[in-house]
$ cat final_28.cif   # mmCIF, C-alpha atoms and all ligand atoms
data_target
loop_
_atom_site.label_atom_id
_atom_site.label_comp_id
_atom_site.auth_asym_id
_atom_site.auth_seq_id
_atom_site.Cartn_x
_atom_site.Cartn_y
_atom_site.Cartn_z
CA MET C 280 205.96 215.40 263.25
CA PHE C 281 204.33 218.12 261.03
CA HIS C 282 206.03 217.02 257.85
CA PRO C 283 208.10 213.87 257.26
CA ASP C 284 211.21 216.09 257.10
CA GLY C 285 210.09 218.41 259.92
CA PRO C 286 211.25 218.35 263.53
CA THR C 287 210.26 215.45 265.77
CA LEU C 288 208.40 215.95 269.04
CA PHE C 289 211.64 215.10 270.84
CA GLU C 290 213.54 217.78 268.91
CA LEU C 291 210.86 220.38 269.67
CA ALA C 292 210.92 219.48 273.38
CA ARG C 293 214.73 219.76 273.42
CA GLN C 294 214.51 223.17 271.75
CA ALA C 295 211.94 224.38 274.26
CA LEU C 296 214.36 223.53 277.08
CA THR C 297 216.91 225.97 275.69
CA SER C 298 216.49 229.74 275.14
CA VAL C 299 214.50 231.29 272.29
CA GLU C 300 217.77 232.08 270.49
CA ARG C 301 219.30 228.62 270.91
CA GLY C 302 215.96 226.90 270.28
CA TYR C 303 215.59 228.61 266.90
CA ASP C 304 219.25 227.95 266.07
CA LEU C 305 218.48 224.24 266.50
CA LEU C 306 215.17 224.40 264.64
CA ALA C 307 216.48 226.54 261.76
CA PRO C 308 217.31 223.82 259.18
CA LYS C 309 213.81 222.34 259.53
CA PHE C 310 211.88 225.53 260.31
CA ASP C 311 210.37 225.97 256.85
CA ARG C 312 208.73 222.56 257.20
CA THR C 313 206.87 223.54 260.37
CA PRO C 314 203.54 225.38 260.66
CA TYR C 315 205.41 228.19 262.49
CA ARG C 316 206.72 229.56 259.20
CA THR C 317 204.25 232.17 257.91
CA PRO C 318 202.61 230.76 254.73
CA ASP C 319 203.33 232.43 251.39
CA ALA C 320 199.60 232.92 250.63
CA LEU C 321 199.23 235.12 253.72
CA LEU C 322 202.43 237.03 252.98
CA ALA C 323 201.34 237.64 249.37
CA ALA C 324 197.97 238.99 250.52
CA VAL C 325 199.68 241.36 252.94
CA ALA C 326 202.15 242.52 250.27
CA ALA C 327 199.24 243.24 247.93
CA GLN C 328 197.67 245.45 250.61
CA VAL C 329 200.92 247.37 251.15
CA GLY C 330 201.10 248.61 247.56
CA PRO C 331 202.34 247.99 244.03
CA PRO C 332 205.88 246.85 243.15
CA GLY C 333 208.47 249.53 243.78
CA SER C 334 206.19 251.63 246.00
CA VAL C 335 208.40 251.31 249.09
CA ARG C 336 211.99 252.52 249.41
CA ASP C 337 213.27 250.44 252.37
CA ALA C 338 211.54 247.77 254.46
CA LEU C 339 212.37 246.08 257.76
CA ASP C 340 211.02 242.68 258.79
CA VAL C 341 211.35 242.23 262.56
CA CYS C 342 211.92 238.63 263.76
CA CYS C 343 212.44 237.60 260.13
CA GLY C 344 213.24 233.95 260.82
CA THR C 345 214.25 232.21 257.58
CA GLY C 346 213.27 235.27 255.53
CA ALA C 347 209.79 234.35 254.31
CA ALA C 348 208.41 237.89 254.63
CA ALA C 349 211.61 239.55 253.39
CA ARG C 350 211.18 237.56 250.18
CA SER C 351 207.59 238.76 249.71
CA LEU C 352 208.60 242.37 250.46
CA ARG C 353 211.51 242.51 248.03
CA PRO C 354 209.49 243.29 244.85
CA LEU C 355 207.78 246.15 246.72
CA CYS C 356 211.10 247.78 247.59
CA ARG C 357 213.39 249.95 245.50
CA GLU C 358 216.44 250.05 247.79
CA ARG C 359 216.73 247.42 250.51
CA VAL C 360 214.96 244.89 252.65
CA VAL C 361 216.42 244.20 256.08
CA GLY C 362 215.46 241.13 258.08
CA LEU C 363 216.36 241.19 261.77
CA ASP C 364 216.37 238.18 264.04
CA LEU C 365 217.89 236.97 267.31
CA SER C 366 218.89 233.57 265.94
CA ALA C 367 222.09 233.26 263.90
CA GLY C 368 220.87 229.85 262.69
CA MET C 369 217.65 231.31 261.29
CA LEU C 370 219.60 234.15 259.65
CA ASP C 371 222.00 231.67 258.02
CA GLU C 372 219.01 229.85 256.55
CA ALA C 373 217.55 233.16 255.36
CA ARG C 374 220.79 234.08 253.59
CA ARG C 375 221.12 230.61 252.08
CA ARG C 376 217.54 230.48 250.79
CA HIS C 377 217.00 234.01 249.58
CA GLY C 378 219.92 234.89 247.34
CA HIS C 379 217.81 234.76 244.18
CA ASP C 380 214.39 236.01 245.23
CA PRO C 381 212.39 238.08 242.73
CA GLY C 382 213.16 241.80 242.96
CA ASP C 383 216.15 244.12 242.80
CA ALA C 384 216.32 245.58 246.31
CA ALA C 385 219.36 244.65 248.39
CA MET C 386 218.60 242.02 251.02
CA GLU C 387 220.34 242.12 254.38
CA PHE C 388 219.83 239.75 257.28
CA VAL C 389 221.12 241.13 260.55
CA LYS C 390 221.34 239.70 264.04
CA GLY C 391 219.59 241.77 266.66
CA ASP C 392 216.99 241.96 269.38
CA ALA C 393 213.52 243.21 268.44
CA LEU C 394 213.48 244.93 271.84
CA ALA C 395 216.59 246.96 271.06
CA LEU C 396 216.23 247.88 267.40
CA PRO C 397 219.29 249.80 266.17
CA PHE C 398 217.39 251.96 263.65
CA ASP C 399 216.27 255.56 263.53
CA ALA C 400 214.02 256.77 260.69
CA ASP C 401 215.60 254.25 258.30
CA PHE C 402 212.50 252.53 256.84
CA ASP C 403 209.20 253.36 255.13
CA LEU C 404 207.76 249.99 256.02
CA ALA C 405 208.16 247.61 258.96
CA THR C 406 206.51 244.22 259.28
CA SER C 407 206.55 241.34 261.74
CA PHE C 408 204.95 237.92 261.41
CA GLY C 409 204.50 235.03 263.78
CA ALA C 410 206.71 236.43 266.52
CA PHE C 411 204.60 238.49 268.93
CA GLY C 412 204.24 235.42 271.16
CA HIS C 413 207.97 235.68 271.87
CA ILE C 414 207.56 239.12 273.43
CA GLU C 415 206.48 239.36 277.07
CA ALA C 416 203.39 241.58 277.51
CA ARG C 417 205.45 243.96 279.66
CA ASP C 418 207.88 244.44 276.72
CA GLU C 419 205.30 245.08 273.98
CA GLY C 420 205.44 248.85 274.47
CA ARG C 421 209.23 248.74 274.00
CA LEU C 422 208.84 246.70 270.81
CA VAL C 423 206.34 249.16 269.36
CA ALA C 424 208.41 252.19 270.38
CA GLY C 425 211.50 250.72 268.65
CA ILE C 426 209.54 250.03 265.47
CA ALA C 427 208.01 253.52 265.51
CA ARG C 428 211.52 254.96 265.87
CA ALA C 429 212.80 252.81 262.97
CA LEU C 430 210.16 254.29 260.63
CA ARG C 431 210.57 257.48 258.66
CA PRO C 432 207.78 260.07 258.96
CA GLY C 433 204.92 258.71 256.85
CA GLY C 434 206.15 255.13 257.32
CA ARG C 435 203.92 252.18 258.16
CA PHE C 436 204.10 249.21 260.52
CA VAL C 437 202.06 246.39 258.99
CA PHE C 438 201.15 243.12 260.68
CA VAL C 439 198.40 240.55 261.09
CA THR C 440 196.67 239.88 264.38
CA GLY C 441 193.36 238.73 265.81
CA ASP C 442 190.68 240.09 268.10
CA ALA C 443 190.83 239.03 271.73
CA PRO C 444 188.38 236.10 271.99
CA PRO C 445 185.76 235.97 274.76
CA LEU C 446 187.45 235.45 278.14
CA TRP C 447 186.01 231.99 278.79
CA SER C 448 186.16 230.58 275.26
CA PRO C 449 187.97 227.22 274.79
CA ARG C 450 190.71 229.02 272.82
CA VAL C 451 191.42 231.35 275.71
CA LEU C 452 191.34 228.52 278.25
CA ARG C 453 193.79 226.43 276.15
CA ALA C 454 196.07 229.44 275.68
CA ARG C 455 195.96 230.25 279.40
CA ALA C 456 196.85 226.66 280.28
CA PHE C 457 199.80 226.72 277.83
CA ASN C 458 200.95 230.15 279.03
CA ALA C 459 200.74 229.03 282.67
CA ALA C 460 202.83 225.94 281.84
CA MET C 461 205.44 228.19 280.18
CA ARG C 462 205.56 230.43 283.26
CA VAL C 463 206.16 227.39 285.46
CA ARG C 464 208.82 226.12 283.03
CA ASN C 465 210.53 229.54 283.12
CA ALA C 466 210.36 229.71 286.91
CA VAL C 467 212.12 226.36 287.36
CA TRP C 468 214.38 226.21 284.29
CA GLN C 469 216.91 228.76 283.00
CA PRO C 470 217.31 230.32 280.52
CA PRO C 471 213.66 231.17 279.93
CA PHE C 472 211.87 230.25 276.71
CA VAL C 473 209.56 233.18 275.98
CA MET C 474 206.57 231.86 274.07
CA PHE C 475 202.97 232.68 274.85
CA TYR C 476 199.69 232.39 272.96
CA LEU C 477 197.09 235.06 272.20
CA THR C 478 199.38 238.04 272.58
CA PHE C 479 199.37 241.48 270.91
CA LEU C 480 195.70 241.17 269.97
CA LEU C 481 193.21 243.93 269.28
CA PRO C 482 192.25 246.12 271.02
CA ARG C 483 195.41 246.05 273.21
CA ALA C 484 197.72 246.32 270.17
CA ARG C 485 195.88 249.47 269.07
CA VAL C 486 196.36 251.06 272.49
CA LEU C 487 200.10 250.34 272.42
CA LEU C 488 200.50 251.62 268.85
CA GLU C 489 198.61 254.82 269.59
CA ALA C 490 200.69 255.33 272.73
CA ALA C 491 203.75 255.26 270.44
CA GLY C 492 202.23 258.04 268.32
CA LEU C 493 201.02 255.86 265.44
CA ARG C 494 197.62 256.19 263.74
CA VAL C 495 195.99 252.79 263.50
CA GLU C 496 194.05 251.49 260.51
CA VAL C 497 192.48 248.02 260.75
CA ARG C 498 191.51 246.25 257.51
CA ARG C 499 189.16 243.29 257.78
CA GLY C 500 188.12 240.83 255.10
CA VAL C 501 191.31 241.36 253.08
CA LEU C 502 193.08 238.10 253.96
CA PRO C 503 192.44 234.83 252.11
CA ALA C 504 191.01 231.63 253.65
CA PRO C 505 191.85 230.22 256.14
CA TYR C 506 193.05 233.57 257.60
CA GLU C 507 189.89 235.59 256.93
CA ARG C 508 189.11 236.00 260.64
CA TYR C 509 192.40 237.84 261.18
CA ALA C 510 192.81 241.58 260.77
CA LEU C 511 195.49 243.41 258.84
CA VAL C 512 196.77 246.29 260.93
CA ILE C 513 198.51 249.27 259.33
CA ALA C 514 199.98 251.66 261.88
CA HIS C 515 200.96 254.97 260.27
CA LYS C 516 203.71 257.21 261.58
CA PRO C 517 202.59 260.81 261.06
CA GLY C 518 204.22 262.32 257.96
C1 LIG C 601 207.91 231.62 264.74
S1 LIG C 601 209.36 232.36 264.10
C2 LIG C 601 208.69 233.38 262.80
C3 LIG C 601 209.70 233.63 261.71
C4 LIG C 601 209.17 234.41 260.51
N1 LIG C 601 208.79 235.77 260.90
C5 LIG C 601 208.01 233.71 259.87
O1 LIG C 601 206.88 234.18 260.04
O2 LIG C 601 208.19 232.70 259.21
C6 LIG C 601 209.79 233.55 265.33
C7 LIG C 601 211.13 234.23 265.08
O3 LIG C 601 211.27 235.30 266.01
C8 LIG C 601 212.64 235.36 266.42
N2 LIG C 601 212.68 236.09 267.69
C9 LIG C 601 212.08 235.77 268.86
N3 LIG C 601 212.32 236.71 269.78
C10 LIG C 601 213.08 237.66 269.18
C11 LIG C 601 213.64 238.90 269.59
N4 LIG C 601 213.47 239.35 270.84
N5 LIG C 601 214.35 239.60 268.71
C12 LIG C 601 214.54 239.16 267.44
N6 LIG C 601 214.05 238.00 266.98
C13 LIG C 601 213.31 237.26 267.84
C14 LIG C 601 213.05 233.91 266.51
O4 LIG C 601 214.46 233.76 266.48
C15 LIG C 601 212.34 233.32 265.28
O5 LIG C 601 213.16 233.37 264.14
#
$ encode --input "final_28.cif" --output "structure tokens"
Amino acid sequence: MFHPDGPTLFELARQALTSVERGYDLLAPKFDRTPYRTPDALLAAVAAQVGPPGSVRDALDVCCGTGAAARSLRPLCRERVVGLDLSAGMLDEARRRHGHDPGDAAMEFVKGDALALPFDADFDLATSFGAFGHIEARDEGRLVAGIARALRPGGRFVFVTGDAPPLWSPRVLRARAFNAAMRVRNAVWQPPFVMFYLTFLLPRARVLLEAAGLRVEVRRGVLPAPYERYALVIAHKPG
């Protein structure tokens, strides 16, 4: 569909009829040939904003998928990069693909739920890419609280998001139609497949981050085309 070797429409539909975890298990071998995988150009721009090589001790990538961001974070880190994801299939791909990435930090890919992060002041840096749509709005506060807890004092949570578009713009109407269809799907079909558009945008994300005690810095104009309309958010845990 997206790429000659990517998933077909039929495969995507079958995945959407399972759970998020099972759906990504099925998609994993072809995931890197879909547009859902965060592009390296965006990841490199974010890494450049975080700091020079070796400036971070330990980093956590939440919802790491096949490890794209973990790879870009490795040269920044001195000790370890941990990727956490719900899907064993995605984690297997991450381990298979990222044995020889540039950098010396240890790389670990662990199975876990972003809403129940098992970390406490273990990281200087946390990131998450392309996954906020899998978190229900009512759970976003829990996600942020878990990430804030995972950071050491002085640590940063770094991610890319957009500004909420005008309420009646075509983008919002399309997203609302999709989100409504997903709610109907989840009401009539179990297990649910949590996937919604236009979530965790500014200014709501700022409110949630500040409620978790983080100081929010928003950098604009630092991402390359075609991502220049997105904002880089750096949420600082007080040192
Ligand atoms: C669109 S993929 C993005 C993967 C990767 N971050 C990237 O940008 O290429 C979303 C990932 O989030 C994971 N995911 C969704 N909900 C999750 C949760 N509650 N806890 C952990 N991982 C989750 C999925 O398994 C999937 O690997």
$ closest_residue --input "final_28.cif" --among "C:Pro482, C:Pro283, C:Pro445, C:Gly412" --to "C:Glu496" --atoms "only C-alpha atoms"
C:Pro482
$ closest_residue --input "final_28.cif" --among "C:Asp403, C:Asp380, C:Glu415, C:Glu372" --to "C:Ala514" --atoms "only C-alpha atoms"
C:Asp403
$ closest_residue --input "final_28.cif" --among "C:Arg453, C:Lys390, C:Arg336, C:Arg374" --to "ligand LIG 601 (chain C)" --atoms "all atoms listed in the file"
C:Lys390
$ axis_aligned_box --input "final_28.cif" --around "ligand LIG 601 (chain C)" --padding-each-side "5 Å" --output "lines of an AutoDock Vina configuration file"
center_x = 210.7
center_y = 235.6
center_z = 265.0
size_x = 17.7
size_y = 18.0
size_z = 21.6
$ atom_distance --input "final_28.cif" --atom1 "atom CA of C:Val512" --atom2 "atom CA of C:Phe438"
5.4 Å
$ closest_atom_pairs --input "final_28.cif" --of "chain C" --to "ligand LIG 601 (chain C)" --cutoff "7 Å" --atoms "all atoms listed in the file" --output "JSON lines"
{"residue": "C:Val299", "atom": "CA", "partner": "C:LIG601", "partner_atom": "C9", "distance": 6.1}
{"residue": "C:Glu300", "atom": "CA", "partner": "C:LIG601", "partner_atom": "O4", "distance": 5.5}
{"residue": "C:Tyr303", "atom": "CA", "partner": "C:LIG601", "partner_atom": "O4", "distance": 5.3}
{"residue": "C:Tyr315", "atom": "CA", "partner": "C:LIG601", "partner_atom": "C1", "distance": 4.8}
{"residue": "C:Arg316", "atom": "CA", "partner": "C:LIG601", "partner_atom": "O2", "distance": 3.5}
{"residue": "C:Thr317", "atom": "CA", "partner": "C:LIG601", "partner_atom": "O1", "distance": 3.9}
{"residue": "C:Val341", "atom": "CA", "partner": "C:LIG601", "partner_atom": "C12", "distance": 6.6}
{"residue": "C:Cys342", "atom": "CA", "partner": "C:LIG601", "partner_atom": "N6", "distance": 3.9}
{"residue": "C:Cys343", "atom": "CA", "partner": "C:LIG601", "partner_atom": "N1", "distance": 4.2}
{"residue": "C:Gly344", "atom": "CA", "partner": "C:LIG601", "partner_atom": "O5", "distance": 3.4}
{"residue": "C:Thr345", "atom": "CA", "partner": "C:LIG601", "partner_atom": "C4", "distance": 6.3}
{"residue": "C:Gly346", "atom": "CA", "partner": "C:LIG601", "partner_atom": "C4", "distance": 6.5}
{"residue": "C:Ala347", "atom": "CA", "partner": "C:LIG601", "partner_atom": "O2", "distance": 5.4}
{"residue": "C:Ala348", "atom": "CA", "partner": "C:LIG601", "partner_atom": "N1", "distance": 6.6}
{"residue": "C:Leu363", "atom": "CA", "partner": "C:LIG601", "partner_atom": "C12", "distance": 6.3}
{"residue": "C:Asp364", "atom": "CA", "partner": "C:LIG601", "partner_atom": "N6", "distance": 3.7}
{"residue": "C:Leu365", "atom": "CA", "partner": "C:LIG601", "partner_atom": "N6", "distance": 4.0}
{"residue": "C:Ser366", "atom": "CA", "partner": "C:LIG601", "partner_atom": "O4", "distance": 4.5}
{"residue": "C:Met369", "atom": "CA", "partner": "C:LIG601", "partner_atom": "O5", "distance": 5.7}
{"residue": "C:Gly391", "atom": "CA", "partner": "C:LIG601", "partner_atom": "C12", "distance": 5.7}
{"residue": "C:Asp392", "atom": "CA", "partner": "C:LIG601", "partner_atom": "N5", "distance": 3.6}
{"residue": "C:Ala393", "atom": "CA", "partner": "C:LIG601", "partner_atom": "N5", "distance": 3.7}
{"residue": "C:Leu394", "atom": "CA", "partner": "C:LIG601", "partner_atom": "N4", "distance": 5.7}
{"residue": "C:Ser407", "atom": "CA", "partner": "C:LIG601", "partner_atom": "N1", "distance": 6.1}
{"residue": "C:Phe408", "atom": "CA", "partner": "C:LIG601", "partner_atom": "O1", "distance": 4.4}
{"residue": "C:Gly409", "atom": "CA", "partner": "C:LIG601", "partner_atom": "O1", "distance": 4.5}
{"residue": "C:Ala410", "atom": "CA", "partner": "C:LIG601", "partner_atom": "C6", "distance": 4.4}
{"residue": "C:His413", "atom": "CA", "partner": "C:LIG601", "partner_atom": "N3", "distance": 4.9}
{"residue": "C:Ile414", "atom": "CA", "partner": "C:LIG601", "partner_atom": "N4", "distance": 6.5}
$ residues_around --input "final_28.cif" --residues "C:Phe436" --least-positions-apart "6" --cutoff "9 Å" --atoms "only C-alpha atoms" --output "list in words"
Asp403, Leu404, Ala405, Thr406, Ser407, Ile426, Ala427, Leu430, Leu493, Val512, Ile513, Ala514, His515 and Lys516 of chain C
$ write_last_selection --input "final_28.cif" --atoms "C-alpha atoms" --output "PDB file, in the coordinates of the input"
ATOM      1  CA  ASP C 403     209.200 253.360 255.130  1.00  0.00           C
ATOM      2  CA  LEU C 404     207.760 249.990 256.020  1.00  0.00           C
ATOM      3  CA  ALA C 405     208.160 247.610 258.960  1.00  0.00           C
ATOM      4  CA  THR C 406     206.510 244.220 259.280  1.00  0.00           C
ATOM      5  CA  SER C 407     206.550 241.340 261.740  1.00  0.00           C
ATOM      6  CA  ILE C 426     209.540 250.030 265.470  1.00  0.00           C
ATOM      7  CA  ALA C 427     208.010 253.520 265.510  1.00  0.00           C
ATOM      8  CA  LEU C 430     210.160 254.290 260.630  1.00  0.00           C
ATOM      9  CA  LEU C 493     201.020 255.860 265.440  1.00  0.00           C
ATOM     10  CA  VAL C 512     196.770 246.290 260.930  1.00  0.00           C
ATOM     11  CA  ILE C 513     198.510 249.270 259.330  1.00  0.00           C
ATOM     12  CA  ALA C 514     199.980 251.660 261.880  1.00  0.00           C
ATOM     13  CA  HIS C 515     200.960 254.970 260.270  1.00  0.00           C
ATOM     14  CA  LYS C 516     203.710 257.210 261.580  1.00  0.00           C
TER      15      LYS C 516
END
$ decode --input "final_28.cif" --residues "stretch 323-357 of chain C" --atoms "N, CA and C atoms" --output "PDB file, in the first residue's frame"
ATOM      1  N   ALA C 323      16.798  13.067  13.817  1.00  0.00           N
ATOM      2  CA  ALA C 323      18.129  13.686  13.869  1.00  0.00           C
ATOM      3  C   ALA C 323      18.023  15.142  14.310  1.00  0.00           C
ATOM      4  N   ALA C 324      16.988  15.845  13.833  1.00  0.00           N
ATOM      5  CA  ALA C 324      16.808  17.247  14.222  1.00  0.00           C
ATOM      6  C   ALA C 324      16.508  17.352  15.716  1.00  0.00           C
ATOM      7  N   VAL C 325      15.718  16.431  16.222  1.00  0.00           N
ATOM      8  CA  VAL C 325      15.403  16.448  17.659  1.00  0.00           C
ATOM      9  C   VAL C 325      16.669  16.140  18.462  1.00  0.00           C
ATOM     10  N   ALA C 326      17.429  15.144  18.026  1.00  0.00           N
ATOM     11  CA  ALA C 326      18.658  14.779  18.753  1.00  0.00           C
ATOM     12  C   ALA C 326      19.614  15.976  18.802  1.00  0.00           C
ATOM     13  N   ALA C 327      19.679  16.721  17.691  1.00  0.00           N
ATOM     14  CA  ALA C 327      20.582  17.878  17.648  1.00  0.00           C
ATOM     15  C   ALA C 327      20.144  18.938  18.660  1.00  0.00           C
ATOM     16  N   GLN C 328      18.840  19.045  18.898  1.00  0.00           N
ATOM     17  CA  GLN C 328      18.330  20.016  19.865  1.00  0.00           C
ATOM     18  C   GLN C 328      18.585  19.573  21.305  1.00  0.00           C
ATOM     19  N   VAL C 329      18.675  18.260  21.502  1.00  0.00           N
ATOM     20  CA  VAL C 329      18.863  17.743  22.875  1.00  0.00           C
ATOM     21  C   VAL C 329      20.260  18.085  23.380  1.00  0.00           C
ATOM     22  N   GLY C 330      21.266  17.943  22.501  1.00  0.00           N
ATOM     23  CA  GLY C 330      22.622  18.273  22.952  1.00  0.00           C
ATOM     24  C   GLY C 330      23.673  17.514  22.169  1.00  0.00           C
ATOM     25  N   PRO C 331      24.944  17.757  22.500  1.00  0.00           N
ATOM     26  CA  PRO C 331      26.037  17.096  21.776  1.00  0.00           C
ATOM     27  C   PRO C 331      26.187  15.628  22.183  1.00  0.00           C
ATOM     28  N   PRO C 332      26.950  14.863  21.408  1.00  0.00           N
ATOM     29  CA  PRO C 332      27.183  13.451  21.754  1.00  0.00           C
ATOM     30  C   PRO C 332      27.733  13.327  23.177  1.00  0.00           C
ATOM     31  N   GLY C 333      27.222  12.338  23.889  1.00  0.00           N
ATOM     32  CA  GLY C 333      27.711  12.071  25.238  1.00  0.00           C
ATOM     33  C   GLY C 333      27.168  12.999  26.311  1.00  0.00           C
ATOM     34  N   SER C 334      26.215  13.868  25.966  1.00  0.00           N
ATOM     35  CA  SER C 334      25.748  14.853  26.955  1.00  0.00           C
ATOM     36  C   SER C 334      24.646  14.311  27.863  1.00  0.00           C
ATOM     37  N   VAL C 335      24.182  13.107  27.589  1.00  0.00           N
ATOM     38  CA  VAL C 335      23.100  12.509  28.386  1.00  0.00           C
ATOM     39  C   VAL C 335      23.638  11.210  28.993  1.00  0.00           C
ATOM     40  N   ARG C 336      23.264  10.945  30.250  1.00  0.00           N
ATOM     41  CA  ARG C 336      23.712   9.657  30.820  1.00  0.00           C
ATOM     42  C   ARG C 336      22.805   8.518  30.337  1.00  0.00           C
ATOM     43  N   ASP C 337      21.514   8.574  30.700  1.00  0.00           N
ATOM     44  CA  ASP C 337      20.586   7.498  30.328  1.00  0.00           C
ATOM     45  C   ASP C 337      19.326   8.081  29.702  1.00  0.00           C
ATOM     46  N   ALA C 338      18.831   7.436  28.649  1.00  0.00           N
ATOM     47  CA  ALA C 338      17.616   7.927  27.985  1.00  0.00           C
ATOM     48  C   ALA C 338      16.579   6.813  27.878  1.00  0.00           C
ATOM     49  N   LEU C 339      15.322   7.231  27.904  1.00  0.00           N
ATOM     50  CA  LEU C 339      14.183   6.312  27.771  1.00  0.00           C
ATOM     51  C   LEU C 339      13.349   6.764  26.589  1.00  0.00           C
ATOM     52  N   ASP C 340      13.050   5.853  25.664  1.00  0.00           N
ATOM     53  CA  ASP C 340      12.097   6.175  24.599  1.00  0.00           C
ATOM     54  C   ASP C 340      10.817   5.385  24.850  1.00  0.00           C
ATOM     55  N   VAL C 341       9.735   6.097  25.102  1.00  0.00           N
ATOM     56  CA  VAL C 341       8.457   5.475  25.457  1.00  0.00           C
ATOM     57  C   VAL C 341       7.675   5.173  24.175  1.00  0.00           C
ATOM     58  N   CYS C 342       7.155   3.952  24.056  1.00  0.00           N
ATOM     59  CA  CYS C 342       6.487   3.485  22.833  1.00  0.00           C
ATOM     60  C   CYS C 342       7.506   3.471  21.691  1.00  0.00           C
ATOM     61  N   CYS C 343       8.586   2.756  21.900  1.00  0.00           N
ATOM     62  CA  CYS C 343       9.759   2.828  21.007  1.00  0.00           C
ATOM     63  C   CYS C 343       9.544   2.164  19.666  1.00  0.00           C
ATOM     64  N   GLY C 344       8.523   1.303  19.535  1.00  0.00           N
ATOM     65  CA  GLY C 344       8.307   0.629  18.263  1.00  0.00           C
ATOM     66  C   GLY C 344       9.527  -0.173  17.854  1.00  0.00           C
ATOM     67  N   THR C 345       9.969  -0.016  16.604  1.00  0.00           N
ATOM     68  CA  THR C 345      11.115  -0.780  16.107  1.00  0.00           C
ATOM     69  C   THR C 345      12.450  -0.103  16.437  1.00  0.00           C
ATOM     70  N   GLY C 346      12.430   0.884  17.313  1.00  0.00           N
ATOM     71  CA  GLY C 346      13.682   1.426  17.848  1.00  0.00           C
ATOM     72  C   GLY C 346      14.273   2.595  17.089  1.00  0.00           C
ATOM     73  N   ALA C 347      13.485   3.247  16.246  1.00  0.00           N
ATOM     74  CA  ALA C 347      14.020   4.349  15.435  1.00  0.00           C
ATOM     75  C   ALA C 347      14.621   5.450  16.315  1.00  0.00           C
ATOM     76  N   ALA C 348      13.887   5.878  17.343  1.00  0.00           N
ATOM     77  CA  ALA C 348      14.386   6.975  18.181  1.00  0.00           C
ATOM     78  C   ALA C 348      15.533   6.501  19.066  1.00  0.00           C
ATOM     79  N   ALA C 349      15.455   5.266  19.554  1.00  0.00           N
ATOM     80  CA  ALA C 349      16.536   4.747  20.403  1.00  0.00           C
ATOM     81  C   ALA C 349      17.865   4.818  19.643  1.00  0.00           C
ATOM     82  N   ARG C 350      17.802   4.508  18.355  1.00  0.00           N
ATOM     83  CA  ARG C 350      19.009   4.558  17.521  1.00  0.00           C
ATOM     84  C   ARG C 350      19.568   5.985  17.472  1.00  0.00           C
ATOM     85  N   SER C 351      18.674   6.971  17.294  1.00  0.00           N
ATOM     86  CA  SER C 351      19.150   8.355  17.174  1.00  0.00           C
ATOM     87  C   SER C 351      19.635   8.897  18.525  1.00  0.00           C
ATOM     88  N   LEU C 352      19.134   8.306  19.625  1.00  0.00           N
ATOM     89  CA  LEU C 352      19.536   8.780  20.959  1.00  0.00           C
ATOM     90  C   LEU C 352      20.863   8.178  21.403  1.00  0.00           C
ATOM     91  N   ARG C 353      21.214   7.034  20.857  1.00  0.00           N
ATOM     92  CA  ARG C 353      22.381   6.306  21.376  1.00  0.00           C
ATOM     93  C   ARG C 353      23.668   7.143  21.398  1.00  0.00           C
ATOM     94  N   PRO C 354      24.003   7.880  20.323  1.00  0.00           N
ATOM     95  CA  PRO C 354      25.256   8.652  20.389  1.00  0.00           C
ATOM     96  C   PRO C 354      25.237   9.752  21.453  1.00  0.00           C
ATOM     97  N   LEU C 355      24.027  10.179  21.853  1.00  0.00           N
ATOM     98  CA  LEU C 355      23.927  11.223  22.884  1.00  0.00           C
ATOM     99  C   LEU C 355      24.216  10.674  24.269  1.00  0.00           C
ATOM    100  N   CYS C 356      24.083   9.346  24.419  1.00  0.00           N
ATOM    101  CA  CYS C 356      24.078   8.745  25.762  1.00  0.00           C
ATOM    102  C   CYS C 356      25.406   8.087  26.117  1.00  0.00           C
ATOM    103  N   ARG C 357      25.775   8.217  27.397  1.00  0.00           N
ATOM    104  CA  ARG C 357      27.016   7.602  27.860  1.00  0.00           C
ATOM    105  C   ARG C 357      26.770   6.200  28.405  1.00  0.00           C
TER     106      ARG C 357
END
